[in-house]
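Structure file model.cif with mmCIF, C-alpha atoms:
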```cif
data_protein
loop_
_atom_site.label_atom_id
_atom_site.label_comp_id
_atom_site.auth_asym_id
_atom_site.auth_seq_id
_atom_site.Cartn_x
_atom_site.Cartn_y
_atom_site.Cartn_z
CA MET A 1 95.01 12.88 47.75
CA LEU A 2 94.70 9.70 45.64
CA ALA A 3 92.50 11.38 43.04
CA LEU A 4 94.67 14.50 42.90
CA SER A 5 97.73 12.27 42.46
CA ASP A 6 96.11 10.20 39.71
CA ALA A 7 96.89 7.07 41.74
CA ALA A 8 95.26 3.67 41.16
CA TRP A 9 92.86 3.10 44.02
CA GLU A 10 89.40 1.92 44.88
CA GLY A 11 87.08 2.55 47.79
CA VAL A 12 85.92 -0.27 50.04
CA ALA A 13 82.55 0.18 51.74
CA VAL A 14 82.53 0.13 55.55
CA ASP A 15 79.38 0.28 57.66
CA TYR A 16 80.73 3.09 59.81
CA TYR A 17 77.32 4.38 60.85
CA HIS A 18 76.39 1.08 62.44
CA GLY A 19 79.70 0.77 64.25
CA GLU A 20 81.68 -1.65 62.05
CA THR A 21 84.92 0.18 62.83
CA ARG A 22 84.28 0.08 66.57
CA THR A 23 83.86 -3.70 66.90
CA PRO A 24 86.50 -5.80 68.71
CA GLU A 25 87.08 -7.66 65.43
CA TRP A 26 87.90 -4.43 63.56
CA ARG A 27 90.12 -3.17 66.36
CA ALA A 28 92.06 -6.46 66.30
CA ARG A 29 92.27 -6.80 62.52
CA VAL A 30 92.68 -3.18 61.36
CA SER A 31 93.41 -0.70 64.15
CA VAL A 32 92.87 -0.49 67.89
CA MET A 33 91.82 3.11 67.26
CA GLY A 34 88.56 1.86 65.70
CA GLU A 35 88.54 4.30 62.83
CA VAL A 36 88.34 5.04 59.16
CA PRO A 37 89.94 6.05 56.86
CA VAL A 38 92.22 3.06 56.37
CA LEU A 39 94.78 2.85 53.59
CA GLU A 40 95.46 -0.69 52.44
CA HIS A 41 98.57 -1.05 50.32
CA VAL A 42 100.37 -4.30 49.51
CA GLY A 43 98.94 -6.03 52.54
CA ARG A 44 99.63 -3.29 55.05
CA LYS A 45 96.90 -1.30 56.71
CA LEU A 46 97.48 2.25 57.86
CA THR A 47 95.09 4.53 59.74
CA GLN A 48 95.06 8.20 60.78
CA SER A 49 94.54 10.44 57.80
CA GLY A 50 97.63 12.54 58.58
CA ALA A 51 99.82 9.42 58.70
CA ILE A 52 98.23 8.16 55.46
CA LEU A 53 98.89 11.49 53.74
CA THR A 54 102.49 11.52 54.98
CA PHE A 55 103.02 7.97 53.69
CA LEU A 56 101.41 8.77 50.34
CA SER A 57 103.42 11.96 49.87
CA GLN A 58 106.59 9.92 50.20
CA HIS A 59 105.35 6.89 48.27
CA LEU A 60 103.88 8.86 45.38
CA GLY A 61 106.32 11.76 45.49
CA ARG A 62 103.42 14.22 45.44
CA PHE A 63 102.34 17.08 47.70
CA GLY A 64 105.24 16.83 50.13
CA ALA A 65 106.25 20.26 51.44
CA GLU A 66 109.86 21.40 51.36
CA ASP A 67 109.49 22.50 54.97
CA ARG A 68 108.52 19.21 56.60
CA GLU A 69 108.44 20.76 60.05
CA GLU A 70 105.90 23.38 59.02
CA GLU A 71 103.87 20.73 57.20
CA LEU A 72 103.73 18.63 60.39
CA ARG A 73 102.81 21.68 62.45
CA TRP A 74 99.74 22.29 60.30
CA LEU A 75 98.82 18.59 60.15
CA LEU A 76 98.76 18.60 63.95
CA PHE A 77 96.78 21.85 64.10
CA ASP A 78 94.29 20.32 61.69
CA ASN A 79 93.90 17.18 63.78
CA HIS A 80 93.50 19.16 66.98
CA LYS A 81 91.45 22.16 65.97
CA PHE A 82 90.39 22.49 62.34
CA THR A 83 89.01 19.31 60.77
CA SER A 84 88.53 17.87 64.25
CA TYR A 85 86.10 20.60 65.29
CA LEU A 86 84.59 20.96 61.81
CA ALA A 87 83.85 17.23 61.55
CA THR A 88 82.32 17.07 65.03
CA TRP A 89 80.22 20.18 64.47
CA ARG A 90 79.00 18.88 61.07
CA TRP A 91 78.11 15.57 62.71
CA LEU A 92 76.18 17.37 65.44
CA VAL A 93 74.27 19.83 63.26
CA SER A 94 73.55 17.51 60.33
CA PHE A 95 73.54 13.89 61.43
CA THR A 96 72.80 13.68 65.16
CA PRO A 97 69.23 13.29 66.42
CA ASN A 98 68.40 15.99 68.97
CA PRO A 99 71.87 17.41 69.46
CA ASP A 100 72.49 19.55 72.55
CA PRO A 101 72.57 23.25 71.62
CA ALA A 102 75.28 24.00 74.20
CA VAL A 103 77.59 21.39 72.67
CA ILE A 104 76.91 22.73 69.17
CA ALA A 105 77.70 26.27 70.34
CA PHE A 106 80.91 25.13 72.05
CA PHE A 107 82.25 23.46 68.92
CA ARG A 108 81.10 26.28 66.66
CA ALA A 109 83.05 28.84 68.70
CA ARG A 110 86.20 26.70 68.61
CA LEU A 111 85.71 26.03 64.91
CA GLU A 112 85.40 29.73 64.16
CA ASN A 113 88.63 30.39 66.05
CA ALA A 114 90.38 27.74 63.94
CA PHE A 115 88.92 29.22 60.74
CA ARG A 116 90.28 32.65 61.75
CA VAL A 117 93.76 31.18 62.15
CA VAL A 118 93.66 29.58 58.70
CA GLU A 119 92.14 32.71 57.16
CA ALA A 120 95.07 34.73 58.54
CA GLN A 121 97.65 32.16 57.42
CA LEU A 122 96.27 32.27 53.86
CA ALA A 123 96.64 36.06 53.58
CA GLY A 124 99.05 36.59 50.71
CA ARG A 125 99.43 32.85 50.10
CA ASP A 126 97.65 30.61 47.61
CA PHE A 127 98.14 27.61 49.87
CA LEU A 128 99.02 27.12 53.55
CA LEU A 129 102.78 27.13 53.12
CA GLY A 130 103.02 29.29 50.02
CA ALA A 131 102.59 28.87 46.30
CA LYS A 132 102.14 25.09 46.22
CA PRO A 133 99.63 22.81 47.94
CA CYS A 134 100.98 20.21 50.35
CA ILE A 135 99.45 17.40 52.37
CA ALA A 136 98.55 19.82 55.18
CA ASP A 137 96.29 21.64 52.70
CA ILE A 138 94.80 18.31 51.62
CA SER A 139 94.23 17.29 55.23
CA MET A 140 92.40 20.51 55.99
CA GLN A 141 90.44 20.62 52.75
CA GLY A 142 88.81 17.19 53.11
CA TYR A 143 85.69 18.20 55.00
CA LEU A 144 85.41 21.55 53.22
CA HIS A 145 84.24 19.74 50.10
CA PHE A 146 81.20 18.16 51.69
CA PRO A 147 78.07 20.04 50.60
CA GLN A 148 77.98 23.28 52.53
CA GLU A 149 74.46 22.63 53.81
CA GLU A 150 76.07 19.92 55.96
CA TRP A 151 78.37 22.50 57.66
CA PRO A 152 76.35 25.71 57.49
CA LEU A 153 79.05 28.13 58.60
CA ASP A 154 78.69 31.70 57.36
CA MET A 155 81.72 32.08 55.10
CA THR A 156 81.34 35.85 54.63
CA GLY A 157 84.29 36.56 56.92
CA PHE A 158 86.54 33.97 55.30
CA PRO A 159 87.33 35.09 51.74
CA ASN A 160 90.82 33.57 51.80
CA ILE A 161 89.46 30.16 52.79
CA THR A 162 86.75 30.44 50.15
CA ALA A 163 89.34 31.17 47.46
CA TRP A 164 91.54 28.33 48.75
CA ILE A 165 88.64 25.89 48.42
CA ALA A 166 88.05 27.13 44.85
CA ARG A 167 91.74 26.56 44.03
CA PHE A 168 91.35 22.94 45.07
CA ARG A 169 88.20 22.47 43.02
CA ALA A 170 90.16 23.65 39.98
CA MET A 171 92.99 21.14 40.46
CA PRO A 172 93.35 18.27 37.96
CA GLY A 173 91.71 15.15 39.31
CA TRP A 174 89.63 16.90 41.98
CA GLN A 175 86.25 15.30 42.68
CA PRO A 176 83.75 15.93 45.46
CA PRO A 177 83.60 13.33 48.25
CA TYR A 178 80.24 11.80 47.37
CA THR A 179 81.47 11.26 43.80
CA LEU A 180 84.68 9.63 45.06
CA LEU A 181 82.82 7.55 47.65
CA PRO A 182 79.22 7.18 46.50
CA GLY A 183 78.21 5.09 49.51
CA ALA A 184 79.50 7.60 52.04
CA ARG A 185 76.45 9.87 52.16
CA PHE A 186 74.57 9.26 55.33
CA PRO A 187 70.96 9.83 56.06
CA LYS A 188 69.63 12.85 57.89
CA PRO A 189 68.19 11.46 61.11
CA ALA A 190 64.65 12.30 62.10
CA ALA A 191 64.45 14.31 65.31
CA ASN A 192 62.46 12.48 67.96
CA MET B 193 110.85 15.82 77.13
CA LEU B 194 113.55 18.35 78.00
CA ALA B 195 113.79 17.19 81.62
CA LEU B 196 113.78 13.51 80.64
CA SER B 197 116.52 14.23 78.11
CA ASP B 198 118.66 16.17 80.62
CA ALA B 199 118.70 19.07 78.16
CA ALA B 200 119.64 22.63 79.07
CA TRP B 201 116.46 24.68 79.08
CA GLU B 202 114.52 27.27 80.99
CA GLY B 203 110.87 28.20 81.13
CA VAL B 204 109.65 31.64 80.13
CA ALA B 205 106.46 32.89 81.79
CA VAL B 206 103.55 33.70 79.48
CA ASP B 207 100.28 35.22 80.66
CA TYR B 208 98.20 32.60 78.88
CA TYR B 209 95.18 32.98 81.12
CA HIS B 210 94.79 36.62 80.25
CA GLY B 211 95.18 35.99 76.53
CA GLU B 212 98.81 36.94 75.86
CA THR B 213 99.12 34.19 73.24
CA ARG B 214 95.98 35.30 71.44
CA THR B 215 96.98 38.90 70.80
CA PRO B 216 97.73 40.12 67.25
CA GLU B 217 101.26 40.92 68.43
CA TRP B 218 101.85 37.31 69.58
CA ARG B 219 100.33 35.88 66.42
CA ALA B 220 102.63 38.06 64.30
CA ARG B 221 105.79 37.52 66.36
CA VAL B 222 105.47 33.88 67.47
CA SER B 223 102.72 31.91 65.72
CA VAL B 224 99.49 32.71 63.92
CA MET B 225 98.02 29.75 65.82
CA GLY B 226 98.08 31.82 69.02
CA GLU B 227 99.33 29.06 71.28
CA VAL B 228 101.76 27.74 73.80
CA PRO B 229 103.95 25.74 74.16
CA VAL B 230 106.63 27.42 72.10
CA LEU B 231 110.14 26.06 71.75
CA GLU B 232 112.75 28.75 71.22
CA HIS B 233 116.09 27.45 70.05
CA VAL B 234 118.91 29.48 68.49
CA GLY B 235 116.52 32.22 67.43
CA ARG B 236 113.87 30.00 65.92
CA LYS B 237 110.42 29.61 67.41
CA LEU B 238 108.45 26.40 66.97
CA THR B 239 104.91 25.68 68.14
CA GLN B 240 102.65 22.61 68.27
CA SER B 241 103.81 20.19 70.93
CA GLY B 242 103.93 17.25 68.48
CA ALA B 243 106.16 19.22 66.11
CA ILE B 244 108.35 20.33 69.02
CA LEU B 245 108.72 16.73 70.23
CA THR B 246 109.56 15.55 66.72
CA PHE B 247 112.21 18.26 66.38
CA LEU B 248 113.67 17.50 69.81
CA SER B 249 113.81 13.75 69.18
CA GLN B 250 115.94 14.42 66.11
CA HIS B 251 117.98 17.24 67.64
CA LEU B 252 118.72 15.46 70.93
CA GLY B 253 118.71 11.91 69.55
CA ARG B 254 116.32 10.83 72.31
CA PHE B 255 112.93 9.15 72.36
CA GLY B 256 112.59 8.73 68.61
CA ALA B 257 110.75 5.51 67.71
CA GLU B 258 112.18 3.07 65.23
CA ASP B 259 108.79 2.95 63.53
CA ARG B 260 108.33 6.61 62.65
CA GLU B 261 105.02 5.95 60.92
CA GLU B 262 103.51 4.38 64.03
CA GLU B 263 104.93 7.18 66.15
CA LEU B 264 103.24 9.77 63.92
CA ARG B 265 99.99 7.79 64.00
CA TRP B 266 99.87 8.03 67.80
CA LEU B 267 100.97 11.67 67.84
CA LEU B 268 98.00 12.45 65.59
CA PHE B 269 95.62 10.35 67.68
CA ASP B 270 96.82 12.21 70.76
CA ASN B 271 96.26 15.60 69.16
CA HIS B 272 92.81 14.63 67.93
CA LYS B 273 91.40 12.52 70.72
CA PHE B 274 93.52 11.92 73.81
CA THR B 275 95.28 14.99 75.19
CA SER B 276 92.92 17.17 73.16
CA TYR B 277 89.83 15.88 74.96
CA LEU B 278 91.61 15.45 78.30
CA ALA B 279 92.90 19.02 78.27
CA THR B 280 89.52 20.47 77.31
CA TRP B 281 87.67 18.39 79.90
CA ARG B 282 90.19 19.34 82.64
CA TRP B 283 89.79 22.99 81.68
CA LEU B 284 86.00 22.69 81.88
CA VAL B 285 85.76 20.79 85.16
CA SER B 286 88.57 22.56 87.02
CA PHE B 287 89.14 26.03 85.64
CA THR B 288 85.97 27.27 83.91
CA PRO B 289 83.37 29.27 85.82
CA ASN B 290 79.91 27.71 85.46
CA PRO B 291 80.72 25.16 82.74
CA ASP B 292 77.81 23.62 80.84
CA PRO B 293 77.11 20.07 82.09
CA ALA B 294 76.20 18.87 78.58
CA VAL B 295 79.56 20.00 77.20
CA ILE B 296 81.38 18.35 80.11
CA ALA B 297 79.49 15.09 79.51
CA PHE B 298 80.24 15.20 75.78
CA PHE B 299 83.98 15.56 76.30
CA ARG B 300 84.02 13.02 79.11
CA ALA B 301 82.43 10.37 76.89
CA ARG B 302 84.93 11.04 74.09
CA LEU B 303 87.80 11.08 76.57
CA GLU B 304 86.76 7.73 78.00
CA ASN B 305 86.68 6.26 74.49
CA ALA B 306 90.21 7.53 73.90
CA PHE B 307 91.36 6.12 77.24
CA ARG B 308 89.92 2.71 76.28
CA VAL B 309 91.93 2.76 73.05
CA VAL B 310 95.17 3.54 74.90
CA GLU B 311 94.37 1.01 77.64
CA ALA B 312 93.99 -1.68 74.95
CA GLN B 313 97.15 -0.59 73.13
CA LEU B 314 99.17 -0.88 76.36
CA ALA B 315 98.07 -4.48 77.01
CA GLY B 316 101.30 -6.48 76.98
CA ARG B 317 103.43 -3.39 76.32
CA ASP B 318 105.33 -1.18 78.75
CA PHE B 319 105.01 1.78 76.39
CA LEU B 320 102.81 2.63 73.40
CA LEU B 321 105.01 1.06 70.76
CA GLY B 322 106.66 -1.62 72.89
CA ALA B 323 109.50 -1.81 75.38
CA LYS B 324 110.82 1.74 75.00
CA PRO B 325 109.12 5.11 75.45
CA CYS B 326 108.97 7.40 72.42
CA ILE B 327 107.74 10.94 71.82
CA ALA B 328 104.18 9.67 71.32
CA ASP B 329 104.24 8.42 74.92
CA ILE B 330 105.63 11.77 76.05
CA SER B 331 102.96 13.65 74.10
CA MET B 332 100.18 11.61 75.70
CA GLN B 333 101.65 11.64 79.19
CA GLY B 334 101.91 15.42 79.54
CA TYR B 335 98.50 16.13 81.01
CA LEU B 336 98.41 12.86 82.97
CA HIS B 337 100.93 14.32 85.41
CA PHE B 338 98.80 17.25 86.48
CA PRO B 339 97.34 16.56 89.94
CA GLN B 340 94.52 14.10 89.47
CA GLU B 341 92.03 16.31 91.29
CA GLU B 342 92.25 18.55 88.21
CA TRP B 343 91.09 15.69 85.93
CA PRO B 344 88.95 13.54 88.22
CA LEU B 345 88.50 10.54 85.95
CA ASP B 346 87.86 7.23 87.70
CA MET B 347 90.98 5.25 86.76
CA THR B 348 89.68 1.92 88.10
CA GLY B 349 89.11 0.61 84.59
CA PHE B 350 92.51 1.71 83.32
CA PRO B 351 95.21 -0.33 85.10
CA ASN B 352 97.51 -0.32 82.07
CA ILE B 353 97.40 3.48 81.82
CA THR B 354 97.95 3.75 85.59
CA ALA B 355 101.05 1.53 85.35
CA TRP B 356 102.27 3.47 82.31
CA ILE B 357 102.04 6.75 84.27
CA ALA B 358 104.00 5.14 87.13
CA ARG B 359 106.70 4.04 84.66
CA PHE B 360 107.13 7.67 83.60
CA ARG B 361 107.31 8.91 87.19
CA ALA B 362 110.18 6.47 87.75
CA MET B 363 112.21 7.70 84.76
CA PRO B 364 115.44 9.63 85.42
CA GLY B 365 114.79 13.36 85.22
CA TRP B 366 111.01 13.14 85.59
CA GLN B 367 109.41 16.03 87.44
CA PRO B 368 105.76 17.00 87.82
CA PRO B 369 104.54 19.96 85.74
CA TYR B 370 104.13 22.47 88.55
CA THR B 371 107.71 21.75 89.64
CA LEU B 372 108.98 22.20 86.08
CA LEU B 373 106.88 25.33 85.55
CA PRO B 374 106.08 26.83 88.95
CA GLY B 375 104.07 29.71 87.49
CA ALA B 376 101.80 27.46 85.45
CA ARG B 377 99.29 26.65 88.19
CA PHE B 378 96.15 28.57 87.62
CA PRO B 379 93.52 29.65 90.05
CA LYS B 380 90.28 27.82 90.57
CA PRO B 381 87.62 30.27 89.45
CA ALA B 382 84.77 31.11 91.74
CA ALA B 383 81.41 30.01 90.37
CA ASN B 384 79.04 32.91 90.02
#
```
In structure tokens, how does this file's structure come out?
Amino acid sequence: MLALSDAAWEGVAVDYYHGETRTPEWRARVSVMGEVPVLEHVGRKLTQSGAILTFLSQHLGRFGAEDREEELRWLLFDNHKFTSYLATWRWLVSFTPNPDPAVIAFFRARLENAFRVVEAQLAGRDFLLGAKPCIADISMQGYLHFPQEEWPLDMTGFPNITAWIARFRAMPGWQPPYTLLPGARFPKPAAN
Amino acid sequence: MLALSDAAWEGVAVDYYHGETRTPEWRARVSVMGEVPVLEHVGRKLTQSGAILTFLSQHLGRFGAEDREEELRWLLFDNHKFTSYLATWRWLVSFTPNPDPAVIAFFRARLENAFRVVEAQLAGRDFLLGAKPCIADISMQGYLHFPQEEWPLDMTGFPNITAWIARFRAMPGWQPPYTLLPGARFPKPAAN
């Protein structure tokens, strides 16, 4: 969102993988939710990516949908079923030592259902709500730009999603996540 | 929300358990997301409970928080981690034939993390954002009013959440879900 909006921003490294965001100190100082991302702006700290995107769309005047209700509906769907399941499944298949196959299969099935919903929504539309991208697109696209070997879903059945990803890659300012946040790549754990 | 707001409404039975909301016809006529709840109002149909609550808070002038950003932040947290995990775990432990124990354990651990966040947030507050309930409270409370044998979480460590549930039960208009929607109770499946 910040890169696509040509905003002035910089990343701040957080030791997420060793639990920095889950410490009592972090929960007291930043957010009881114990999470990243965090947007810091003029002394305020805001968490929850959907709330950050909503704030930025108003603050920057970029990527706000005309239909705010529909935008919220897709932000909520994303947080419940799309990025939520994609992020958990990626974490399990790529960064968890000895993940349980039943849990992987459970999330994969739910993820595929969510992908089918988005694939259908994108039929005849360049972006989720029509001709222009909005923050709901940005919310959903985030994890789709991690290297696909980290989320090895067969995309054969999802040509609309594949084209939608390509549309984002072609947008001015677009950069892949490990270019935007060089320290964010995390190591493949050894199975034990 | 509708009962607490003394709004005029009626429930419409949907055969969710046999997939009515996941048919192509439903997706075309109501929502591509294939879900309930659906709010129908003057010919429009709106899905996603968080979007419905946001609409109703504006339409009815009830339960809207002064801090809309914080309200959205908790609505998103609820959709990602609180009701989302609670609803899935309840479904697995109470209404799924032969659920996988590893999947149950995975959701239970995530659910307990989410409960700890809400327990901490409620310390010194009657409701999530302070002295008054808002739609984020209503969003999170929904599943907490199903009979507790359906979501058998040990609540010993969550006195703030327990008191918060009791505050809702004491609100004018409050009714338990199976009283509001008598047809919504679903049968315990036989293990096979």
Distance-based interface of chain B with chain A, 6 Å, counting all atoms listed in the file, as a compact mmCIF listing (two decimals) with C-alpha atoms, in the frame of the given file:
```txt
# COMPACT_ATOMS: atom_id res chain seq x y z
CA MET B 225 98.02 29.75 65.82
CA GLN B 240 102.65 22.61 68.27
CA ALA B 243 106.16 19.22 66.11
CA ARG B 265 99.99 7.79 64.00
CA ASN B 271 96.26 15.60 69.16
CA HIS B 272 92.81 14.63 67.93
CA VAL B 295 79.56 20.00 77.20
CA VAL B 309 91.93 2.76 73.05
```
I want to know what sits within 12 Å of Gln367 in chain B, based on all atoms listed in the file, with residues of the same chain fewer than 4 positions away left out; could you give that as a JSON list (two decimals) with C-alpha atoms, keeping the file's coordinate frame?
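The resulting file, out_36.json, is shown below:
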```
[["chain", "number", "residue", "atom", "x", "y", "z"],
["B", 193, "MET", "CA", 110.85, 15.82, 77.13],
["B", 194, "LEU", "CA", 113.55, 18.35, 78.00],
["B", 195, "ALA", "CA", 113.79, 17.19, 81.62],
["B", 196, "LEU", "CA", 113.78, 13.51, 80.64],
["B", 197, "SER", "CA", 116.52, 14.23, 78.11],
["B", 198, "ASP", "CA", 118.66, 16.17, 80.62],
["B", 334, "GLY", "CA", 101.91, 15.42, 79.54],
["B", 337, "HIS", "CA", 100.93, 14.32, 85.41],
["B", 338, "PHE", "CA", 98.80, 17.25, 86.48],
["B", 360, "PHE", "CA", 107.13, 7.67, 83.60],
["B", 361, "ARG", "CA", 107.31, 8.91, 87.19],
["B", 362, "ALA", "CA", 110.18, 6.47, 87.75],
["B", 363, "MET", "CA", 112.21, 7.70, 84.76],
["B", 371, "THR", "CA", 107.71, 21.75, 89.64],
["B", 372, "LEU", "CA", 108.98, 22.20, 86.08],
["B", 373, "LEU", "CA", 106.88, 25.33, 85.55],
["B", 374, "PRO", "CA", 106.08, 26.83, 88.95]]
```
> When distances are computed from only C-alpha atoms, which of A:Leu53, A:Ala13, A:Leu153, A:Ala123 shows the smallest separation from Ala184 in chain A?
Replying inline: A:Ala13
> When you draw a straight line from CA of Trp356 in chain B to CA of Leu303 in chain B, how long is it in Å?
Replying inline: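 Going from CA of Trp356 in chain B over to CA of Leu303 in chain B covers 17.3 Å.
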> Do you know which residues the PyMOL selection byres ((chain A and resi 127) around 12) returns on this file, as JSON, numbers by chain?
Replying inline: {"A": [63, 65, 71, 74, 118, 119, 120, 121, 122, 123, 124, 125, 126, 128, 129, 130, 131, 132, 133, 134, 135, 136, 137, 138, 140, 141, 160, 161, 162, 163, 164, 165, 166, 167, 168]}
> If you measure from CA of Arg300 in chain B to CA of Arg282 in chain B, what distance in Å do you get, rounded to one decimal?
Replying inline: 9.5 Å
>> Just the number, please: distance in Å from CA of Tyr370 in chain B to CA of Arg302 in chain B, one decimal.
In response: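 Separation between CA of Tyr370 in chain B and CA of Arg302 in chain B: 26.6 Å.
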>> Here's the selection I'm unsure about, the PyMOL selection byres ((chain B and resi 378) around 12); applied to the file above, which residues does it give, as a list in words?
In response: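 This file gives the following for the PyMOL selection byres ((chain B and resi 378) around 12): Asp207, Tyr208, Tyr209, His210, Trp283, Ser286, Phe287, Thr288, Phe338, Glu342, Tyr370, Leu373, Pro374, Gly375, Ala376, Arg377, Pro379, Lys380 and Pro381 of chain B.
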Could you rebuild range 222-241 of chain B with N, CA and C atoms and give me the result as a PDB file, in the coordinates of the input?
```
ATOM      1  N   VAL B 222     105.160  35.255  67.069  1.00  0.00           N
ATOM      2  CA  VAL B 222     105.470  33.880  67.470  1.00  0.00           C
ATOM      3  C   VAL B 222     104.773  32.870  66.545  1.00  0.00           C
ATOM      4  N   SER B 223     103.451  32.874  66.543  1.00  0.00           N
ATOM      5  CA  SER B 223     102.720  31.910  65.720  1.00  0.00           C
ATOM      6  C   SER B 223     101.300  32.398  65.500  1.00  0.00           C
ATOM      7  N   VAL B 224     100.865  32.328  64.258  1.00  0.00           N
ATOM      8  CA  VAL B 224      99.490  32.710  63.920  1.00  0.00           C
ATOM      9  C   VAL B 224      98.489  31.834  64.671  1.00  0.00           C
ATOM     10  N   MET B 225      98.934  30.643  65.110  1.00  0.00           N
ATOM     11  CA  MET B 225      98.020  29.750  65.820  1.00  0.00           C
ATOM     12  C   MET B 225      97.654  30.268  67.220  1.00  0.00           C
ATOM     13  N   GLY B 226      98.445  31.208  67.737  1.00  0.00           N
ATOM     14  CA  GLY B 226      98.080  31.820  69.020  1.00  0.00           C
ATOM     15  C   GLY B 226      98.190  30.903  70.213  1.00  0.00           C
ATOM     16  N   GLU B 227      99.259  30.135  70.293  1.00  0.00           N
ATOM     17  CA  GLU B 227      99.330  29.060  71.280  1.00  0.00           C
ATOM     18  C   GLU B 227     100.626  29.033  72.058  1.00  0.00           C
ATOM     19  N   VAL B 228     100.596  28.333  73.172  1.00  0.00           N
ATOM     20  CA  VAL B 228     101.760  27.740  73.800  1.00  0.00           C
ATOM     21  C   VAL B 228     101.543  26.233  73.775  1.00  0.00           C
ATOM     22  N   PRO B 229     102.550  25.393  73.949  1.00  0.00           N
ATOM     23  CA  PRO B 229     103.950  25.740  74.160  1.00  0.00           C
ATOM     24  C   PRO B 229     104.644  26.250  72.898  1.00  0.00           C
ATOM     25  N   VAL B 230     105.741  26.964  73.158  1.00  0.00           N
ATOM     26  CA  VAL B 230     106.630  27.420  72.100  1.00  0.00           C
ATOM     27  C   VAL B 230     108.038  26.978  72.474  1.00  0.00           C
ATOM     28  N   LEU B 231     108.728  26.362  71.540  1.00  0.00           N
ATOM     29  CA  LEU B 231     110.140  26.060  71.750  1.00  0.00           C
ATOM     30  C   LEU B 231     110.958  27.133  71.046  1.00  0.00           C
ATOM     31  N   GLU B 232     111.804  27.817  71.827  1.00  0.00           N
ATOM     32  CA  GLU B 232     112.750  28.750  71.220  1.00  0.00           C
ATOM     33  C   GLU B 232     114.119  28.103  71.262  1.00  0.00           C
ATOM     34  N   HIS B 233     114.773  28.082  70.119  1.00  0.00           N
ATOM     35  CA  HIS B 233     116.090  27.450  70.050  1.00  0.00           C
ATOM     36  C   HIS B 233     116.909  28.157  68.976  1.00  0.00           C
ATOM     37  N   VAL B 234     118.000  28.779  69.404  1.00  0.00           N
ATOM     38  CA  VAL B 234     118.910  29.480  68.490  1.00  0.00           C
ATOM     39  C   VAL B 234     118.117  30.420  67.557  1.00  0.00           C
ATOM     40  N   GLY B 235     117.228  31.195  68.192  1.00  0.00           N
ATOM     41  CA  GLY B 235     116.520  32.220  67.430  1.00  0.00           C
ATOM     42  C   GLY B 235     115.280  31.751  66.703  1.00  0.00           C
ATOM     43  N   ARG B 236     115.109  30.447  66.563  1.00  0.00           N
ATOM     44  CA  ARG B 236     113.870  30.000  65.920  1.00  0.00           C
ATOM     45  C   ARG B 236     112.795  29.746  66.960  1.00  0.00           C
ATOM     46  N   LYS B 237     111.558  29.870  66.531  1.00  0.00           N
ATOM     47  CA  LYS B 237     110.420  29.610  67.410  1.00  0.00           C
ATOM     48  C   LYS B 237     109.561  28.545  66.751  1.00  0.00           C
ATOM     49  N   LEU B 238     109.242  27.506  67.510  1.00  0.00           N
ATOM     50  CA  LEU B 238     108.450  26.400  66.970  1.00  0.00           C
ATOM     51  C   LEU B 238     107.266  26.144  67.897  1.00  0.00           C
ATOM     52  N   THR B 239     106.084  26.027  67.329  1.00  0.00           N
ATOM     53  CA  THR B 239     104.910  25.680  68.140  1.00  0.00           C
ATOM     54  C   THR B 239     104.342  24.343  67.695  1.00  0.00           C
ATOM     55  N   GLN B 240     103.300  23.923  68.376  1.00  0.00           N
ATOM     56  CA  GLN B 240     102.650  22.610  68.270  1.00  0.00           C
ATOM     57  C   GLN B 240     103.525  21.575  68.988  1.00  0.00           C
ATOM     58  N   SER B 241     103.014  21.087  70.095  1.00  0.00           N
ATOM     59  CA  SER B 241     103.810  20.190  70.930  1.00  0.00           C
ATOM     60  C   SER B 241     104.316  18.972  70.158  1.00  0.00           C
TER      61      SER B 241
END
```
